[in-house]
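Enquirer: Below is the file protein_7.txt, with compact mmCIF, C-alpha atoms.
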# COMPACT_ATOMS: atom_id res chain seq x y z
CA MET A 1084 -55.77 62.82 221.33
CA ARG A 1085 -56.41 61.21 224.66
CA GLY A 1086 -60.17 61.47 224.86
CA HIS A 1087 -60.74 57.88 223.81
CA TRP A 1088 -63.39 55.96 225.68
CA GLY A 1089 -61.46 52.70 225.92
CA ASP A 1090 -58.13 54.28 226.90
CA THR A 1091 -59.15 56.78 229.51
CA LEU A 1092 -62.80 57.19 230.29
CA GLN A 1093 -63.93 53.61 230.67
CA PRO A 1094 -61.21 52.57 233.16
CA ALA A 1095 -61.72 55.87 234.99
CA LEU A 1096 -65.45 55.22 235.24
CA VAL A 1097 -64.91 51.68 236.53
CA GLN A 1098 -62.41 52.94 239.13
CA HIS A 1099 -64.86 55.65 240.13
CA VAL A 1100 -67.64 53.11 240.68
CA GLU A 1101 -65.25 51.01 242.77
CA LEU A 1102 -64.11 53.99 244.85
CA THR A 1103 -67.72 54.92 245.54
CA ALA A 1104 -69.01 51.41 246.20
CA ILE A 1105 -66.24 50.61 248.69
CA ALA A 1106 -66.71 53.92 250.50
CA VAL A 1107 -70.49 53.66 250.81
CA GLY A 1108 -70.33 49.95 251.64
CA ILE A 1109 -67.85 50.36 254.49
CA GLY A 1110 -69.53 53.59 255.57
CA PHE A 1111 -72.87 51.82 255.89
CA ALA A 1112 -71.34 48.84 257.67
CA LEU A 1113 -69.92 51.24 260.28
CA ALA A 1114 -72.82 53.68 260.47
CA PHE A 1115 -75.54 51.06 260.94
CA PRO A 1116 -74.26 49.48 264.19
CA LEU A 1117 -73.25 52.93 265.47
CA ALA A 1118 -76.77 54.19 264.83
CA LEU A 1119 -78.27 51.13 266.57
CA LEU A 1120 -76.03 51.90 269.56
CA ALA A 1121 -77.03 55.56 269.58
CA HIS A 1122 -80.67 54.52 269.31
CA ARG A 1123 -80.31 52.20 272.29
CA TYR A 1124 -78.14 54.52 274.40
CA ARG A 1125 -79.40 58.01 273.60
CA ARG A 1126 -76.56 59.63 275.51
CA LEU A 1127 -74.19 58.63 272.71
CA GLU A 1128 -76.08 60.47 269.99
CA GLN A 1129 -74.96 64.01 270.74
CA PRO A 1130 -71.21 63.33 270.99
CA ILE A 1131 -71.23 61.26 267.79
CA GLY A 1132 -73.31 63.97 266.11
CA VAL A 1133 -70.95 66.77 267.15
CA LEU A 1134 -67.92 64.78 266.06
CA SER A 1135 -69.39 64.00 262.67
CA ALA A 1136 -70.53 67.59 262.05
CA LEU A 1137 -66.99 68.78 262.69
CA LEU A 1138 -65.56 66.03 260.51
CA TYR A 1139 -67.82 67.15 257.66
CA THR A 1140 -66.33 70.64 257.72
CA ILE A 1141 -62.86 69.26 256.94
CA PRO A 1142 -62.20 70.04 253.27
CA SER A 1143 -61.71 66.86 251.28
CA LEU A 1144 -58.45 68.01 249.70
CA ALA A 1145 -56.99 68.75 253.15
CA LEU A 1146 -58.24 65.47 254.63
CA PHE A 1147 -56.68 63.48 251.79
CA GLN A 1148 -53.35 65.26 252.28
CA LEU A 1149 -53.38 64.88 256.06
CA LEU A 1150 -53.74 61.11 255.68
CA VAL A 1151 -50.84 60.82 253.25
CA PRO A 1152 -48.12 60.63 255.96
CA PHE A 1153 -49.99 57.68 257.50
CA THR A 1154 -51.14 55.67 254.51
CA GLY A 1155 -49.27 57.14 251.55
CA LEU A 1156 -50.61 57.75 248.06
CA THR A 1157 -52.90 54.75 248.16
CA TRP A 1158 -56.54 53.78 247.79
CA THR A 1159 -56.55 53.30 251.55
CA THR A 1160 -55.94 57.02 252.04
CA VAL A 1161 -58.74 57.95 249.68
CA GLU A 1162 -61.14 55.39 251.15
CA ILE A 1163 -60.52 56.48 254.76
CA ALA A 1164 -61.50 60.02 253.79
CA LEU A 1165 -64.50 58.95 251.69
CA VAL A 1166 -65.75 56.55 254.36
CA SER A 1167 -65.55 59.34 256.95
CA TYR A 1168 -67.78 61.55 254.84
CA THR A 1169 -70.35 58.81 254.19
CA LEU A 1170 -70.39 58.04 257.91
CA VAL A 1171 -71.23 61.65 258.67
CA ILE A 1172 -74.20 61.51 256.30
CA LEU A 1173 -75.47 58.01 257.05
CA PHE A 1174 -75.32 58.02 260.85
CA PRO A 1175 -77.78 60.87 261.52
CA ASN A 1176 -80.12 59.65 258.80
CA ILE A 1177 -80.32 56.13 260.21
CA VAL A 1178 -80.82 57.44 263.75
CA THR A 1179 -83.59 59.77 262.57
CA GLY A 1180 -85.18 56.86 260.74
CA LEU A 1181 -85.12 54.64 263.81
CA ARG A 1182 -86.74 57.44 265.82
CA SER A 1183 -89.52 57.90 263.30
CA ALA A 1184 -91.72 55.08 264.59
CA PRO A 1185 -94.70 56.69 266.38
CA ALA A 1186 -94.75 56.07 270.15
CA GLU A 1187 -98.22 54.48 269.95
CA VAL A 1188 -97.00 51.94 267.44
CA ILE A 1189 -94.11 50.94 269.69
CA GLU A 1190 -96.45 50.84 272.69
CA SER A 1191 -98.85 48.52 270.91
CA ALA A 1192 -96.00 46.31 269.75
CA ARG A 1193 -94.77 46.06 273.34
CA GLY A 1194 -98.35 45.45 274.44
CA MET A 1195 -98.61 42.57 271.99
CA GLY A 1196 -95.69 41.01 273.82
CA LEU A 1197 -92.83 41.78 271.46
CA THR A 1198 -89.45 42.03 273.13
CA ARG A 1199 -87.31 45.10 272.68
CA ARG A 1200 -85.26 43.35 270.03
CA GLN A 1201 -88.37 42.24 268.15
CA VAL A 1202 -89.70 45.80 268.23
CA LEU A 1203 -86.44 46.96 266.70
CA TRP A 1204 -86.33 44.39 263.90
CA ARG A 1205 -90.05 44.14 263.12
CA VAL A 1206 -91.30 47.67 263.76
CA GLU A 1207 -88.62 50.32 264.00
CA LEU A 1208 -86.30 49.10 261.24
CA PRO A 1209 -88.95 48.62 258.54
CA LEU A 1210 -90.32 52.07 259.33
CA ALA A 1211 -86.79 53.48 259.12
CA VAL A 1212 -86.13 52.16 255.61
CA PRO A 1213 -87.22 55.32 253.75
CA ALA A 1214 -84.94 57.51 255.87
CA ILE A 1215 -82.07 55.03 255.57
CA VAL A 1216 -82.38 54.89 251.78
CA GLY A 1217 -82.67 58.69 251.79
CA GLY A 1218 -79.35 58.84 253.64
CA LEU A 1219 -77.80 56.36 251.21
CA ARG A 1220 -78.90 58.52 248.28
CA ILE A 1221 -77.20 61.60 249.73
CA ALA A 1222 -74.12 59.54 250.63
CA VAL A 1223 -73.74 57.98 247.18
CA VAL A 1224 -74.29 61.24 245.31
CA SER A 1225 -71.82 63.11 247.54
CA THR A 1226 -69.24 60.34 247.36
CA VAL A 1227 -69.33 60.26 243.56
CA ALA A 1228 -68.62 64.00 243.65
CA ILE A 1229 -65.90 63.90 246.32
CA ALA A 1230 -64.17 60.92 244.73
CA THR A 1231 -63.13 63.17 241.83
CA ILE A 1232 -60.82 64.94 244.30
CA ALA A 1233 -58.93 61.66 244.71
CA ALA A 1234 -57.25 62.64 241.44
CA PHE A 1235 -55.01 65.00 243.42
CA LEU A 1236 -53.43 61.88 244.97
CA LEU A 1237 -54.05 58.99 242.61
CA PRO A 1238 -54.19 58.55 238.84
CA ASP A 1239 -57.61 56.92 239.28
CA GLY A 1240 -61.25 57.84 238.93
CA LEU A 1241 -63.11 60.32 236.76
CA GLY A 1242 -61.32 63.24 238.36
CA TYR A 1243 -57.99 62.22 236.85
CA PRO A 1244 -58.71 63.01 233.18
CA ILE A 1245 -59.95 66.43 234.35
CA PHE A 1246 -56.92 66.90 236.58
CA LEU A 1247 -54.59 66.06 233.69
CA ALA A 1248 -56.47 68.27 231.27
CA LEU A 1249 -56.17 71.19 233.69
CA LYS A 1250 -52.41 70.73 233.89
CA GLU A 1251 -52.11 71.50 230.18
CA PRO A 1252 -51.38 75.06 229.08
CA THR A 1253 -54.62 75.02 227.09
CA PRO A 1254 -56.99 72.65 228.90
CA PHE A 1255 -58.46 69.82 226.80
CA LYS A 1256 -62.14 70.62 226.73
CA THR A 1257 -63.22 67.19 225.53
CA GLU A 1258 -61.79 65.45 228.55
CA ILE A 1259 -63.19 67.97 230.98
CA TYR A 1260 -66.70 67.77 229.59
CA SER A 1261 -66.82 64.03 228.96
CA ALA A 1262 -65.47 63.08 232.40
CA GLY A 1263 -67.65 65.70 234.07
CA VAL A 1264 -70.79 64.51 232.33
CA LEU A 1265 -69.94 60.89 233.19
CA ALA A 1266 -69.51 61.80 236.87
CA VAL A 1267 -72.86 63.59 237.03
CA ALA A 1268 -74.55 60.79 235.06
CA LEU A 1269 -73.08 58.23 237.45
CA ALA A 1270 -74.42 60.16 240.45
CA LEU A 1271 -77.89 60.42 238.92
CA ALA A 1272 -77.90 56.75 237.91
CA CYS A 1273 -76.98 55.62 241.45
CA ASP A 1274 -79.64 57.94 242.83
CA GLY A 1275 -82.24 56.45 240.50
CA LEU A 1276 -81.26 52.90 241.43
CA LEU A 1277 -81.71 53.68 245.12
CA VAL A 1278 -85.16 55.16 244.47
CA VAL A 1279 -86.13 51.92 242.74
CA LEU A 1280 -84.66 49.94 245.64
CA LYS A 1281 -86.71 51.94 248.12
CA ARG A 1282 -89.92 51.34 246.18
CA ALA A 1283 -89.19 47.61 246.26
CA LEU A 1284 -88.38 47.62 249.98
CA VAL A 1285 -91.30 49.72 251.19
CA PRO A 1286 -94.26 48.96 248.95
CA TRP A 1287 -96.58 50.36 251.62
CA ALA A 1288 -95.10 53.85 251.43
CA ARG A 1289 -97.12 55.45 248.69
CA LYS A 1290 -95.98 58.73 247.27
CA GLY A 1291 -96.70 61.61 249.61
CA VAL A 1292 -97.46 59.38 252.57
CA ALA A 1293 -93.98 58.25 253.59
CA MET B 1020 -48.05 56.94 237.41
CA ILE B 1021 -47.93 59.61 240.05
CA PRO B 1022 -49.67 62.96 239.71
CA ALA B 1023 -47.28 65.78 238.95
CA GLY B 1024 -45.92 67.55 241.99
CA LEU B 1025 -46.17 64.65 244.38
CA ASN B 1026 -42.98 63.05 245.49
CA LEU B 1027 -43.03 59.59 247.03
CA ALA B 1028 -39.69 60.01 248.76
CA ASP B 1029 -41.21 62.77 250.82
CA GLN B 1030 -43.70 60.69 252.74
CA ALA B 1031 -43.89 57.77 255.07
CA SER B 1032 -42.75 59.60 258.14
CA LEU B 1033 -44.90 61.02 260.89
CA HIS B 1034 -42.15 63.58 261.32
CA THR B 1035 -43.94 65.33 258.51
CA PHE B 1036 -46.33 66.80 261.06
CA VAL B 1037 -43.45 68.28 263.05
CA ASP B 1038 -42.07 69.72 259.81
CA ALA B 1039 -45.54 70.99 258.97
CA ALA B 1040 -45.71 72.78 262.32
CA HIS B 1041 -42.36 74.38 261.55
CA PHE B 1042 -43.64 75.40 258.13
CA ILE B 1043 -46.67 77.06 259.69
CA GLY B 1044 -44.49 78.76 262.28
CA SER B 1045 -42.03 80.20 259.80
CA ASN B 1046 -44.47 81.11 257.01
CA GLY B 1047 -47.14 82.97 258.96
CA GLY B 1048 -47.21 85.88 256.52
CA LEU B 1049 -47.57 83.73 253.41
CA LEU B 1050 -50.28 81.59 255.02
CA ALA B 1051 -52.22 84.63 256.21
CA THR B 1052 -52.10 86.18 252.72
CA LYS B 1053 -53.25 82.93 251.13
CA ALA B 1054 -55.98 82.46 253.72
CA LEU B 1055 -57.26 85.98 253.02
CA GLU B 1056 -57.26 85.24 249.29
CA GLN B 1057 -59.31 82.16 249.94
CA LEU B 1058 -61.77 84.07 252.14
CA GLU B 1059 -62.16 86.77 249.46
CA LEU B 1060 -62.94 84.20 246.80
CA SER B 1061 -65.33 82.34 249.11
CA GLY B 1062 -67.02 85.53 250.27
CA ALA B 1063 -67.62 86.71 246.71
CA ALA B 1064 -69.00 83.30 245.72
CA LEU B 1065 -71.27 83.18 248.77
CA LEU B 1066 -72.63 86.67 248.07
CA ILE B 1067 -73.58 85.68 244.52
CA ALA B 1068 -75.10 82.42 245.68
CA VAL B 1069 -77.19 84.21 248.31
CA ALA B 1070 -78.24 86.96 245.91
CA VAL B 1071 -79.46 84.47 243.32
CA ALA B 1072 -80.66 81.41 245.23
CA LEU B 1073 -82.25 83.02 248.27
CA PRO B 1074 -84.98 85.07 246.52
CA VAL B 1075 -85.79 82.14 244.22
CA GLY B 1076 -86.12 79.71 247.12
CA VAL B 1077 -88.13 82.09 249.27
CA LEU B 1078 -90.55 82.97 246.48
CA LEU B 1079 -91.05 79.34 245.45
CA GLY B 1080 -91.73 78.51 249.09
CA HIS B 1081 -94.12 81.45 249.49
CA PHE B 1082 -96.21 80.33 246.52
CA HIS B 1083 -95.87 76.62 247.43
CA ARG B 1084 -94.58 75.83 243.96
CA GLY B 1085 -91.64 74.04 242.50
CA SER B 1086 -90.75 71.43 245.12
CA GLY B 1087 -89.09 69.61 242.22
CA VAL B 1088 -86.74 72.53 241.74
CA ALA B 1089 -85.84 72.49 245.43
CA ILE B 1090 -85.17 68.74 245.48
CA GLY B 1091 -83.24 68.98 242.22
CA ALA B 1092 -81.10 71.76 243.66
CA SER B 1093 -80.30 69.66 246.70
CA ILE B 1094 -79.27 66.66 244.61
CA LEU B 1095 -77.25 68.78 242.18
CA GLY B 1096 -75.67 70.72 245.04
CA ARG B 1097 -74.19 67.48 246.31
CA GLY B 1098 -73.75 65.62 243.07
CA LEU B 1099 -71.94 68.21 240.98
CA PRO B 1100 -68.25 67.43 241.45
CA SER B 1101 -66.49 70.67 242.33
CA LEU B 1102 -63.51 69.73 240.19
CA CYS B 1103 -65.71 69.23 237.11
CA LEU B 1104 -67.52 72.49 237.74
CA ILE B 1105 -64.33 74.49 238.16
CA ALA B 1106 -62.84 72.86 235.06
CA ALA B 1107 -65.98 73.44 233.01
CA PHE B 1108 -66.18 77.13 233.89
CA LEU B 1109 -62.47 77.44 233.21
CA THR B 1110 -63.06 76.50 229.59
CA VAL B 1111 -65.72 79.21 229.32
CA LEU B 1112 -64.47 82.03 231.53
CA GLY B 1113 -60.72 81.48 231.39
CA ILE B 1114 -58.30 81.00 234.25
CA GLY B 1115 -58.49 83.13 237.39
CA PHE B 1116 -60.81 84.62 239.98
CA VAL B 1117 -64.08 84.94 238.03
CA ASN B 1118 -64.24 81.35 236.83
CA ASN B 1119 -63.69 80.02 240.34
CA MET B 1120 -66.11 82.48 241.87
CA VAL B 1121 -68.88 81.42 239.50
CA ALA B 1122 -68.15 77.70 239.97
CA LEU B 1123 -68.18 78.02 243.77
CA ALA B 1124 -71.34 80.15 243.63
CA VAL B 1125 -73.15 77.47 241.62
CA LEU B 1126 -71.96 74.84 244.08
CA GLY B 1127 -73.12 76.94 247.05
CA SER B 1128 -76.55 77.77 245.62
CA GLY B 1129 -77.91 74.26 246.15
CA PRO B 1130 -78.25 74.24 249.95
CA ILE B 1131 -79.38 77.89 250.03
CA LEU B 1132 -82.18 77.33 247.55
CA THR B 1133 -83.31 74.05 249.11
CA ASN B 1134 -83.38 75.39 252.64
CA ALA B 1135 -84.93 78.73 251.67
CA TYR B 1136 -87.73 76.91 249.87
CA ASP B 1137 -88.17 74.40 252.62
CA SER B 1138 -88.13 76.90 255.47
CA VAL B 1139 -90.80 79.15 253.96
CA GLU B 1140 -92.89 76.31 252.57
CA ARG B 1141 -93.09 74.58 255.94
CA VAL B 1142 -94.30 77.61 257.88
CA ASP B 1143 -97.45 76.70 259.77
CA ARG B 1144 -100.37 77.19 257.37
CA ASP B 1145 -102.64 78.15 260.26
CA ALA B 1146 -100.39 81.08 261.13
CA VAL B 1147 -100.47 82.23 257.51
CA GLU B 1148 -104.26 81.83 257.33
CA ALA B 1149 -104.72 83.78 260.55
CA ALA B 1150 -102.53 86.59 259.18
CA ARG B 1151 -104.52 86.64 255.96
CA GLY B 1152 -107.74 86.76 257.98
CA MET B 1153 -106.38 89.81 259.80
CA GLY B 1154 -106.05 91.51 256.44
CA LEU B 1155 -102.32 91.20 255.75
CA THR B 1156 -101.32 91.21 252.08
CA GLY B 1157 -99.13 88.53 250.52
CA GLY B 1158 -96.03 90.68 250.84
CA GLN B 1159 -96.78 91.47 254.47
CA ILE B 1160 -97.33 87.79 255.25
CA LEU B 1161 -93.98 87.01 253.68
CA ARG B 1162 -92.13 89.73 255.57
CA ARG B 1163 -93.85 89.57 258.96
CA ILE B 1164 -94.86 85.94 259.33
CA GLU B 1165 -93.07 83.59 256.99
CA LEU B 1166 -89.56 85.05 256.93
CA PRO B 1167 -89.15 85.43 260.73
CA LEU B 1168 -90.40 81.88 261.29
CA ALA B 1169 -88.26 80.56 258.45
CA LEU B 1170 -85.10 82.31 259.59
CA PRO B 1171 -83.31 79.52 261.49
CA LEU B 1172 -83.68 76.90 258.75
CA LEU B 1173 -83.02 79.49 256.06
CA PHE B 1174 -79.82 80.56 257.76
CA THR B 1175 -78.78 76.94 258.18
CA GLY B 1176 -78.82 76.75 254.38
CA ILE B 1177 -76.53 79.77 254.10
CA ARG B 1178 -74.23 78.26 256.71
CA ILE B 1179 -74.02 74.90 254.91
CA SER B 1180 -73.34 76.77 251.71
CA ALA B 1181 -70.59 78.88 253.30
CA VAL B 1182 -68.85 75.83 254.75
CA THR B 1183 -69.15 74.01 251.41
CA ILE B 1184 -67.69 76.97 249.54
CA VAL B 1185 -64.79 77.55 251.95
CA ALA B 1186 -64.03 73.83 252.00
CA THR B 1187 -64.08 73.61 248.21
CA ALA B 1188 -62.12 76.79 247.57
CA PRO B 1189 -58.69 75.10 247.91
CA ILE B 1190 -59.51 73.04 244.83
CA ALA B 1191 -59.84 76.31 242.91
CA ALA B 1192 -56.06 76.66 243.12
CA ILE B 1193 -55.77 74.23 240.23
CA ALA B 1194 -57.61 76.75 238.04
CA GLY B 1195 -55.79 79.87 239.21
CA GLY B 1196 -58.10 80.65 242.10
CA GLY B 1197 -55.26 81.28 244.54
CA GLY B 1198 -55.67 80.75 248.28
CA LEU B 1199 -54.20 78.09 250.52
CA GLY B 1200 -54.79 75.53 247.79
CA ASP B 1201 -51.86 77.09 245.91
CA ILE B 1202 -49.57 75.56 248.51
CA ILE B 1203 -51.41 72.22 248.60
CA VAL B 1204 -51.17 71.64 244.85
CA ASN B 1205 -47.55 72.78 244.65
CA GLN B 1206 -45.61 70.14 246.50
CA ALA B 1207 -42.62 70.69 244.21
CA SER B 1208 -42.01 74.09 245.84
CA TYR B 1209 -43.35 73.64 249.34
CA ARG B 1210 -42.48 69.96 250.05
CA LEU B 1211 -44.87 67.65 251.86
CA ALA B 1212 -44.37 69.67 255.05
CA GLY B 1213 -45.79 72.73 253.32
CA VAL B 1214 -48.66 70.76 251.83
CA ILE B 1215 -49.59 69.30 255.20
CA GLY B 1216 -49.12 72.67 256.91
CA ALA B 1217 -51.43 74.37 254.43
CA SER B 1218 -53.94 71.51 254.78
CA ILE B 1219 -54.02 72.07 258.53
CA CYS B 1220 -54.63 75.79 257.91
CA VAL B 1221 -57.42 74.99 255.44
CA MET B 1222 -59.03 72.78 258.05
CA ALA B 1223 -58.71 75.45 260.72
CA LEU B 1224 -60.17 78.07 258.39
CA SER B 1225 -63.25 75.94 257.67
CA ALA B 1226 -63.71 75.24 261.35
CA VAL B 1227 -63.50 78.96 262.16
CA VAL B 1228 -66.08 79.80 259.49
CA PHE B 1229 -68.34 77.02 260.76
CA VAL B 1230 -68.16 78.19 264.38
CA ALA B 1231 -68.43 81.91 263.50
CA LEU B 1232 -71.55 81.35 261.42
CA ALA B 1233 -73.07 79.16 264.12
CA GLY B 1234 -72.56 82.15 266.44
CA VAL B 1235 -74.22 84.53 263.97
CA GLN B 1236 -77.10 82.12 263.54
CA LEU B 1237 -77.65 81.97 267.27
CA ALA B 1238 -77.61 85.77 267.41
CA VAL B 1239 -80.13 86.32 264.60
CA THR B 1240 -82.54 83.56 265.60
CA PRO B 1241 -85.64 84.91 267.31
CA ARG B 1242 -85.53 83.86 270.95
CA GLY B 1243 -88.66 81.76 270.70
CA LEU B 1244 -87.19 79.65 267.95
CA ARG B 1245 -83.85 78.77 269.53
CA GLY B 1246 -83.09 75.16 270.07
CA THR B 1247 -82.87 74.31 266.39
CA SER B 1248 -79.74 72.26 266.09
CA LEU B 1249 -76.73 74.38 265.17
CA LEU B 1250 -74.87 71.26 264.18
CA ASP B 1251 -77.32 70.34 261.48
CA LEU B 1252 -75.22 70.07 258.35
CA ASN B 1253 -77.55 68.15 256.13
CA SER B 1254 -80.00 70.06 254.02
CA ARG B 1255 -83.35 69.57 255.65
CA LYS B 1256 -85.03 68.44 252.45
CA GLU B 1257 -85.00 64.78 253.22
CA LEU B 1258 -84.74 62.57 250.20
CA GLN B 1259 -87.42 60.05 250.87
Give the structure from this file in structure tokens form.
Expert:
Amino acid sequence: MRGHWGDTLQPALVQHVELTAIAVGIGFALAFPLALLAHRYRRLEQPIGVLSALLYTIPSLALFQLLVPFTGLTWTTVEIALVSYTLVILFPNIVTGLRSAPAEVIESARGMGLTRRQVLWRVELPLAVPAIVGGLRIAVVSTVAIATIAAFLLPDGLGYPIFLALKEPTPFKTEIYSAGVLAVALALACDGLLVVLKRALVPWARKGVA
Amino acid sequence: MIPAGLNLADQASLHTFVDAAHFIGSNGGLLATKALEQLELSGAALLIAVAVALPVGVLLGHFHRGSGVAIGASILGRGLPSLCLIAAFLTVLGIGFVNNMVALAVLGSGPILTNAYDSVERVDRDAVEAARGMGLTGGQILRRIELPLALPLLFTGIRISAVTIVATAPIAAIAGGGGLGDIIVNQASYRLAGVIGASICVMALSAVVFVALAGVQLAVTPRGLRGTSLLDLNSRKELQ
């Protein structure tokens, strides 16, 4: 019986959280400056958008495999793929958020003597927070799901108990259900945390107004 | 520990891509058969997803009810790990085509439902009011006003769903779903070159589906509504 919490599920859950956190963290660190660039130089937005839309159509299993000759069966391989997917989700969301400040608001800020940089940090960015957190929610939830596919390469994450169970002639149902439920619960928990974070960051955005 | 079927000695060389090209060149028949298998499975799953999720989304949008359902569907559509879903249905429906079809259909319903709801719900209320004032019934409003105006966004949902399903289908190979994934999960027989070759084909297949559906979308969009981004791959229901 391999369905024990301490033996299999707990380490798998911890690894899954790590896989997700690293991917979303690096993804955000890359997407944010890229979005600021695209916001400043609008010409860049379309090419980056096209590139990321195409990247998103690459099936995760194929992307993982295509990276194997470069980086081997390592966390690096998995993270490069996961980061790419988060980038695709985060970039357009952040750009949309930065664009959401009404023109009059920006005009008045400029009229009050704020420099372009001050407008960005004091007006556009705070107004973009709901869209940015919205992007983070989609990114985290998707990454938790995609990270299960890492099990095809690595013995890590919540996908691995499922992967192993499926290799058996009669699949172990316990492992499939328990790991599956944990993965969904993890996604929902992360989503909930981000909602709380958003409420704390934008107290002015009442429900239905933001 | 290394997952079964993967062989460390195989990798580390960029020559793999040359070998992969050779594999594709000399196994055209096999790859075409597997690609067709994958398209059949994906097509069947997409049909079910459309048949179930589209009417639900459209009706909810028409009656302006159930935004919670639409948001829930969009979160679940992204958050349900495909591997878990395929494994879970395997335990219920057994190994093979049906289990994978159902799992992929569930996965593909999310974006269809969300976008169908959203597209109909967001139709300009003034246009609907004007139609009602002219004496159109609810059904007529739906067919003549709401659906034509909703079409681009609605079709975007179907397109996202199709790409999601085709991209996920290779994973079905682990549960007897066939398709190009059969080669990807069987490195013992096909070597890394075969795995990489099949991965390239999977990628090409998804890209073809993506571009083909973008073409269809452009063709079915009423002329006055063109200009909606064809590259939009995120469900429009923004999570804010």
Enquirer: Name the residues in contact with Ile1189 in chain A at a cut-off of 8 Å, using only C-alpha atoms, excluding same-chain residues fewer than 4 positions from it; report them as a PDB file with C-alpha atoms, keeping the file's coordinate frame.
Expert:
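Result file follows (selection07.pdb):
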ATOM      1  CA  ALA A1184     -91.720  55.080 264.590  1.00  0.00           C
ATOM      2  CA  PRO A1185     -94.700  56.690 266.380  1.00  0.00           C
ATOM      3  CA  ARG A1193     -94.770  46.060 273.340  1.00  0.00           C
ATOM      4  CA  VAL A1202     -89.700  45.800 268.230  1.00  0.00           C
ATOM      5  CA  VAL A1206     -91.300  47.670 263.760  1.00  0.00           C
ATOM      6  CA  GLU A1207     -88.620  50.320 264.000  1.00  0.00           C
TER       7      GLU A1207
END
Enquirer: Give as a ChimeraX atom specification every residue of chain A that touches chain B within 6 Å, counting all atoms listed in the file.
Expert: /A:1141-1142,1145,1149,1152,1213,1217,1224-1225,1228,1263
Enquirer: Tell me which of A:Phe1153, A:Arg1200, A:Leu1284, A:Leu1271 sits closest to Gly1091 in chain B, counting all atoms listed in the file.
Expert: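 Of all the options, A:Leu1271 lies closest to Gly1091 in chain B.
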Enquirer: Would you work out the distance separating CA of Lys1281 in chain A from CA of Ser1167 in chain A, expressed in Å to one decimal?
Expert: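 Rounded to one decimal, the two atoms are 24.1 Å apart.
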Enquirer: Between CA of Ala1262 in chain A and CA of Val1117 in chain B, what is the distance, to one decimal in Å?
Expert: 22.6 Å
Enquirer: Got a sec: who's within 9 Å of Val1142 in chain B, counting only C-alpha atoms, leaving out chain neighbours fewer than 3 positions off, as a compact mmCIF listing (two decimals) with C-alpha atoms, in the frame of the given file?
Expert:
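File around_25.txt, as written:
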# COMPACT_ATOMS: atom_id res chain seq x y z
CA ASP B 1137 -88.17 74.40 252.62
CA SER B 1138 -88.13 76.90 255.47
CA VAL B 1139 -90.80 79.15 253.96
CA ASP B 1145 -102.64 78.15 260.26
CA ALA B 1146 -100.39 81.08 261.13
CA VAL B 1147 -100.47 82.23 257.51
CA ILE B 1164 -94.86 85.94 259.33
CA GLU B 1165 -93.07 83.59 256.99
CA LEU B 1166 -89.56 85.05 256.93
CA LEU B 1168 -90.40 81.88 261.29
CA ALA B 1169 -88.26 80.56 258.45
Enquirer: At what distance in Å, to one decimal, does CA of Pro1244 in chain A lie from CA of Tyr1260 in chain A?
Expert: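 We find that CA of Tyr1260 in chain A and CA of Pro1244 in chain A lie 10.0 Å from each other.
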Enquirer: Tell me which protein, DNA and RNA residues are within 9 Å of range 1099-1113 of chain A, counting all atoms listed in the file, leaving out same-chain ones fewer than 2 positions away, and put them as an NGL selection string.
Expert: :A and (1094-1097 or 1115-1118 or 1158 or 1161-1171 or 1173-1174 or 1219 or 1222-1223 or 1226-1227 or 1230-1231 or 1239-1242 or 1266 or 1269)
Enquirer: Of the candidates B:Ala1238, B:Glu1059, B:Ala1135, B:Pro1130, which one gets nearest to Pro1074 in chain B if we count only C-alpha atoms?
Expert: B:Ala1135
